[in-house]
$ cat upload.cif   # mmCIF, C-alpha atoms and all ligand atoms
data_model
#
loop_
_atom_site.label_atom_id
_atom_site.label_comp_id
_atom_site.auth_asym_id
_atom_site.auth_seq_id
_atom_site.Cartn_x
_atom_site.Cartn_y
_atom_site.Cartn_z
CA MET A 1 98.95 142.56 64.13
CA LYS A 2 97.87 146.06 63.10
CA ILE A 3 100.67 147.60 65.10
CA ILE A 4 103.30 150.13 64.06
CA THR A 5 106.23 150.38 66.45
CA ILE A 6 108.52 153.39 66.56
CA ASP A 7 111.65 153.14 68.68
CA GLY A 8 114.69 155.34 69.03
CA PRO A 9 116.62 157.68 71.31
CA GLY A 10 115.23 160.87 72.88
CA GLY A 11 114.71 163.82 70.55
CA ALA A 12 114.56 161.74 67.36
CA GLY A 13 111.00 162.94 66.69
CA LYS A 14 109.14 159.76 67.69
CA SER A 15 106.25 161.39 69.56
CA THR A 16 105.35 164.02 66.99
CA VAL A 17 105.48 161.55 64.13
CA ALA A 18 103.68 158.76 66.01
CA LYS A 19 100.81 161.10 67.01
CA LYS A 20 100.46 162.31 63.44
CA LEU A 21 100.45 158.78 62.03
CA ALA A 22 97.84 157.62 64.54
CA LEU A 23 95.61 160.52 63.56
CA ILE A 24 95.97 159.89 59.83
CA LEU A 25 95.41 156.13 60.14
CA GLY A 26 92.71 156.33 62.82
CA TYR A 27 94.85 154.16 65.12
CA LEU A 28 95.34 154.43 68.86
CA TYR A 29 98.50 156.18 69.98
CA LEU A 30 100.63 154.96 72.88
CA ASP A 31 103.50 156.97 74.35
CA THR A 32 105.31 154.42 76.52
CA GLY A 33 107.98 156.91 77.65
CA ALA A 34 105.16 158.84 79.33
CA MET A 35 104.36 155.74 81.39
CA TYR A 36 107.92 155.45 82.73
CA ARG A 37 107.82 159.19 83.38
CA ALA A 38 104.62 158.78 85.42
CA VAL A 39 106.30 156.11 87.57
CA ALA A 40 109.27 158.42 88.15
CA LEU A 41 106.95 161.30 89.06
CA TYR A 42 105.16 159.18 91.64
CA VAL A 43 108.44 158.03 93.21
CA LEU A 44 109.71 161.61 93.46
CA LEU A 45 106.39 162.82 94.91
CA LYS A 46 106.80 160.16 97.59
CA GLY A 47 110.21 161.62 98.40
CA LYS A 48 112.13 158.52 97.28
CA SER A 49 115.12 158.19 94.98
CA CYS A 50 114.48 156.88 91.46
CA LYS A 51 117.80 155.05 91.68
CA ASP A 52 116.68 153.03 94.71
CA GLU A 53 115.37 149.79 93.20
CA LYS A 54 113.87 148.52 96.46
CA ALA A 55 112.00 151.76 97.14
CA VAL A 56 110.78 152.07 93.54
CA THR A 57 109.63 148.44 93.42
CA SER A 58 107.75 148.72 96.71
CA LEU A 59 105.78 151.72 95.41
CA LEU A 60 104.66 149.99 92.21
CA CYS A 61 101.51 148.49 93.77
CA GLU A 62 100.28 152.03 94.54
CA ILE A 63 100.64 153.17 90.94
CA ASP A 64 97.85 153.06 88.41
CA ILE A 65 98.67 154.40 84.96
CA MET A 66 96.27 155.04 82.11
CA HIS A 67 97.00 156.41 78.67
CA GLU A 68 93.93 157.91 77.04
CA ASN A 69 93.32 160.55 74.36
CA ASN A 70 97.04 161.29 74.13
CA LYS A 71 97.18 162.03 77.86
CA ILE A 72 98.70 160.17 80.74
CA TYR A 73 96.83 159.64 83.99
CA LEU A 74 98.59 158.75 87.23
CA ASN A 75 96.11 157.36 89.75
CA GLY A 76 93.32 159.11 87.86
CA LYS A 77 95.06 162.51 87.62
CA ASP A 78 96.19 164.03 84.33
CA VAL A 79 99.97 164.48 84.75
CA GLU A 80 100.82 165.24 81.11
CA SER A 81 102.56 168.55 81.87
CA GLU A 82 104.33 167.47 85.11
CA ILE A 83 106.00 164.49 83.42
CA ARG A 84 107.66 166.71 80.79
CA ASP A 85 109.87 168.38 83.39
CA PRO A 86 113.57 167.82 82.49
CA GLU A 87 114.20 166.36 85.95
CA ILE A 88 111.68 163.64 85.13
CA SER A 89 113.54 162.63 81.93
CA GLU A 90 116.54 161.44 83.93
CA ALA A 91 114.40 159.93 86.68
CA ALA A 92 112.32 157.99 84.11
CA SER A 93 115.47 156.60 82.54
CA ALA A 94 116.61 155.46 86.02
CA VAL A 95 113.37 153.67 86.99
CA SER A 96 113.14 152.07 83.55
CA THR A 97 116.25 149.99 84.30
CA PHE A 98 114.40 147.99 86.99
CA TYR A 99 112.92 144.58 86.20
CA GLU A 100 109.65 144.95 88.17
CA VAL A 101 108.96 148.37 86.65
CA ARG A 102 109.40 147.06 83.12
CA LYS A 103 107.30 143.99 83.86
CA LYS A 104 104.39 146.14 85.01
CA MET A 105 104.70 148.64 82.15
CA VAL A 106 104.92 145.93 79.48
CA GLU A 107 101.76 144.27 80.83
CA LEU A 108 99.90 147.58 80.72
CA GLN A 109 101.22 148.36 77.24
CA ARG A 110 100.12 145.01 75.81
CA ARG A 111 96.63 145.53 77.26
CA VAL A 112 96.19 148.71 75.23
CA PHE A 113 96.07 146.73 71.99
CA HIS A 114 92.51 145.56 71.35
CA GLY A 115 92.90 144.51 67.74
CA LYS A 116 92.26 148.06 66.55
CA GLY A 117 95.30 149.69 64.97
CA LEU A 118 98.00 150.96 67.31
CA VAL A 119 100.98 153.26 66.84
CA CYS A 120 103.29 152.92 69.83
CA GLU A 121 106.60 154.57 70.54
CA GLY A 122 109.40 153.96 73.01
CA ARG A 123 112.65 152.07 73.36
CA ASP A 124 111.59 148.40 73.25
CA MET A 125 108.35 148.41 71.27
CA GLY A 126 109.54 146.38 68.29
CA SER A 127 112.12 144.32 70.16
CA VAL A 128 110.23 143.21 73.28
CA VAL A 129 106.67 144.49 73.71
CA PHE A 130 105.30 143.82 70.20
CA PRO A 131 107.93 141.73 68.38
CA ASP A 132 105.24 140.54 65.91
CA ALA A 133 104.19 144.06 64.89
CA CYS A 134 103.48 144.49 61.14
CA TYR A 135 105.71 147.51 60.78
CA LYS A 136 108.72 148.51 62.81
CA PHE A 137 110.64 151.75 62.56
CA TYR A 138 113.68 153.10 64.35
CA LEU A 139 114.07 156.88 64.26
CA THR A 140 117.38 158.49 64.98
CA ALA A 141 119.18 161.80 64.37
CA SER A 142 122.52 163.38 65.19
CA ILE A 143 122.87 164.31 68.85
CA GLU A 144 123.27 168.01 67.95
CA GLU A 145 119.97 167.99 66.06
CA ARG A 146 118.21 166.08 68.81
CA ALA A 147 119.50 168.57 71.38
CA LYS A 148 118.23 171.48 69.26
CA ARG A 149 114.78 169.88 69.14
CA ARG A 150 114.84 169.26 72.90
CA LEU A 151 115.80 172.91 73.47
CA ARG A 152 112.80 174.03 71.39
CA ASP A 153 110.53 171.85 73.56
CA LEU A 154 112.11 173.29 76.70
CA GLU A 155 111.63 176.84 75.44
CA LYS A 156 107.91 176.15 75.06
CA MET A 157 107.91 175.15 78.74
CA ARG A 158 109.86 178.34 79.55
CA VAL A 159 112.86 176.32 80.70
CA THR A 160 116.24 177.70 79.73
CA ALA A 161 119.19 175.41 79.08
CA SER A 162 122.37 175.55 77.01
CA ILE A 163 123.02 173.40 73.96
CA SER A 164 126.10 171.80 75.54
CA GLU A 165 124.23 170.91 78.73
CA THR A 166 121.37 169.45 76.67
CA ILE A 167 123.77 167.37 74.55
CA GLN A 168 125.42 166.07 77.71
CA LYS A 169 122.11 165.04 79.27
CA LEU A 170 120.86 163.36 76.08
CA ASP A 171 124.14 161.49 75.75
CA LYS A 172 123.97 160.28 79.35
CA ARG A 173 120.38 159.09 78.87
CA ASP A 174 121.20 157.43 75.51
CA ARG A 175 123.94 155.48 77.21
CA GLN A 176 121.80 154.50 80.19
CA ASP A 177 118.93 153.39 77.89
CA SER A 178 121.21 151.45 75.53
CA GLU A 179 123.46 149.84 78.10
CA ARG A 180 120.90 148.62 80.64
CA ALA A 181 120.61 144.87 81.12
CA ILE A 182 116.85 144.54 80.55
CA SER A 183 115.27 145.51 77.21
CA PRO A 184 117.93 148.00 76.17
CA LEU A 185 117.36 150.43 73.32
CA VAL A 186 118.28 148.52 70.15
CA VAL A 187 117.29 148.57 66.51
CA PRO A 188 114.59 145.85 66.54
CA GLU A 189 114.92 142.96 64.11
CA GLY A 190 113.12 143.88 60.90
CA ALA A 191 112.94 147.60 61.69
CA LEU A 192 113.54 150.26 59.07
CA VAL A 193 116.04 152.82 60.36
CA ILE A 194 115.23 156.43 59.43
CA ASP A 195 117.80 159.12 60.10
CA THR A 196 115.68 162.24 60.64
CA THR A 197 118.58 164.69 61.02
CA TRP A 198 117.74 166.47 57.77
CA MET A 199 114.05 165.65 57.62
CA ASN A 200 111.01 167.54 58.89
CA VAL A 201 107.99 165.92 60.56
CA GLN A 202 106.00 165.84 57.32
CA GLU A 203 108.81 164.07 55.45
CA VAL A 204 109.26 161.44 58.15
CA THR A 205 105.50 160.83 58.34
CA GLU A 206 105.28 160.45 54.56
CA LYS A 207 108.25 158.09 54.52
CA ILE A 208 106.57 155.84 57.10
CA LEU A 209 103.18 156.02 55.36
CA SER A 210 104.81 154.96 52.09
CA CYS A 211 105.91 151.74 53.79
CA VAL A 212 102.57 150.97 55.44
CA ASP A 213 99.47 149.43 53.81
CA HIS A 214 96.55 151.73 54.53
O1 LIG B 1 110.66 158.70 75.32
P1 LIG B 1 110.87 159.42 76.66
O2 LIG B 1 111.99 160.42 76.63
O3 LIG B 1 109.61 160.02 77.16
O4 LIG B 1 111.29 158.26 77.68
C1 LIG B 1 111.71 158.51 79.01
C2 LIG B 1 112.55 157.35 79.51
O5 LIG B 1 111.72 156.18 79.67
C3 LIG B 1 113.67 156.91 78.59
O6 LIG B 1 114.87 157.61 78.88
C4 LIG B 1 113.79 155.44 78.84
C5 LIG B 1 112.45 155.01 79.33
N1 LIG B 1 111.69 154.24 78.34
C6 LIG B 1 111.94 152.89 78.27
O7 LIG B 1 112.81 152.39 78.96
N2 LIG B 1 111.19 152.11 77.46
C7 LIG B 1 110.24 152.63 76.67
N3 LIG B 1 109.51 151.82 75.89
C8 LIG B 1 109.99 154.02 76.70
C9 LIG B 1 110.76 154.81 77.53
#
$ encode --input "upload.cif" --output "structure tokens"
Amino acid sequence: MKIITIDGPGGAGKSTVAKKLALILGYLYLDTGAMYRAVALYVLLKGKSCKDEKAVTSLLCEIDIMHENNKIYLNGKDVESEIRDPEISEAASAVSTFYEVRKKMVELQRRVFHGKGLVCEGRDMGSVVFPDACYKFYLTASIEERAKRRLRDLEKMRVTASISETIQKLDKRDRQDSERAISPLVVPEGALVIDTTWMNVQEVTEKILSCVDH
């Protein structure tokens, strides 16, 4: 399977590196976090709570998600910027704990792979969605470094937040993503763990490329 999976906690640099790798290798890129974010956005737009499993599950049949050209479409509308709102990060983590949500997302994610190369990133890519992937990576970094990176992203969106608040939110999400019953965030079997705390994007990309036949 010409698939490279990249898993890891928020702020570890997965998206930037995965996009770069896909470009270099001419592979498709799949941001699965964006899909959970799109579900959360829809639920919030409908005025429901993302913690209400019954409400979230009942809305699933109204949700169509497409990931194309590095953008995410919710029922045909490009929602790439809306889903990056910090409120959506927590909401996405909440909906991602539900069985029916994961079932639908995993089906959609597997359909993206058409035999052409794929770089996909998320929390359960190497462990659950594509356990037979050729290459599996797990990116991590210290929580302080991840918070700094998140703050830089937020600044670009003109959102102000403090470092301590950002650390707290990342920590809460890490715990929720790692402790949930279904497909928790784990280091997949056979994955190479890369601690990116002291590495820049170029270094991480080169490290991964050095492990991949291309
Ligand atoms: O990678 P991200 O921050 O965009 O992901 C948002 C949330 O979606 C994350 O907190 C947990 C969930 N998620 C998941 O459960 N499984 C994935 N494969 C990707 C994301």
$ closest_atom_pairs --input "upload.cif" --of "range 66-152 of chain A" --to "range 169-175 of chain A" --cutoff "10 Å" --atoms "all atoms listed in the file" --output "JSON lines"
{"residue": "A:Pro86", "atom": "CA", "partner": "A:Lys169", "partner_atom": "CA", "distance": 9.5}
{"residue": "A:Ser89", "atom": "CA", "partner": "A:Arg173", "partner_atom": "CA", "distance": 8.3}
{"residue": "A:Glu90", "atom": "CA", "partner": "A:Arg173", "partner_atom": "CA", "distance": 6.8}
{"residue": "A:Ala91", "atom": "CA", "partner": "A:Arg173", "partner_atom": "CA", "distance": 9.9}
{"residue": "A:Ala92", "atom": "CA", "partner": "A:Arg173", "partner_atom": "CA", "distance": 9.7}
{"residue": "A:Ser93", "atom": "CA", "partner": "A:Arg173", "partner_atom": "CA", "distance": 6.6}
{"residue": "A:Ala94", "atom": "CA", "partner": "A:Arg173", "partner_atom": "CA", "distance": 8.9}
{"residue": "A:Ile143", "atom": "CA", "partner": "A:Asp171", "partner_atom": "CA", "distance": 7.6}
{"residue": "A:Glu144", "atom": "CA", "partner": "A:Leu170", "partner_atom": "CA", "distance": 9.7}
{"residue": "A:Arg146", "atom": "CA", "partner": "A:Leu170", "partner_atom": "CA", "distance": 8.2}
{"residue": "A:Ala147", "atom": "CA", "partner": "A:Leu170", "partner_atom": "CA", "distance": 7.1}
{"residue": "A:Arg150", "atom": "CA", "partner": "A:Leu170", "partner_atom": "CA", "distance": 9.0}
$ closest_residue --input "upload.cif" --among "A:Glu206, A:Asp64, A:Glu179, A:Glu121" --to "ligand LIG 1 (chain B)" --atoms "all atoms listed in the file"
A:Glu121
$ residues_around --input "upload.cif" --residues "range 76-81 of chain A" --least-positions-apart "6" --cutoff "9 Å" --atoms "only C-alpha atoms" --output "number ranges by chain"
A: 34, 38, 41, 64-66, 70
$ residues_near_ligand --input "upload.cif" --ligand "ligand LIG 1 (chain B)" --cutoff "9 Å" --atoms "all atoms listed in the file" --output "number ranges by chain"
A: 7-11, 14-15, 31-37, 83-84, 88-97, 102, 105-106, 120-125, 129, 170, 173-174, 176-177, 182-185
$ closest_residue --input "upload.cif" --among "A:Leu59, A:Leu28, A:Ala40, A:Val187" --to "Gln109 in chain A" --atoms "only C-alpha atoms"
A:Leu28
$ closest_residue --input "upload.cif" --among "A:Thr57, A:Lys136, A:Leu209, A:Ala18" --to "Pro188 in chain A" --atoms "only C-alpha atoms"
A:Lys136
$ atom_distance --input "upload.cif" --atom1 "CA of Arg111 in chain A" --atom2 "CA of Lys71 in chain A"
16.5 Å
$ atom_distance --input "upload.cif" --atom1 "CA of Met199 in chain A" --atom2 "CA of Ala141 in chain A"
9.3 Å
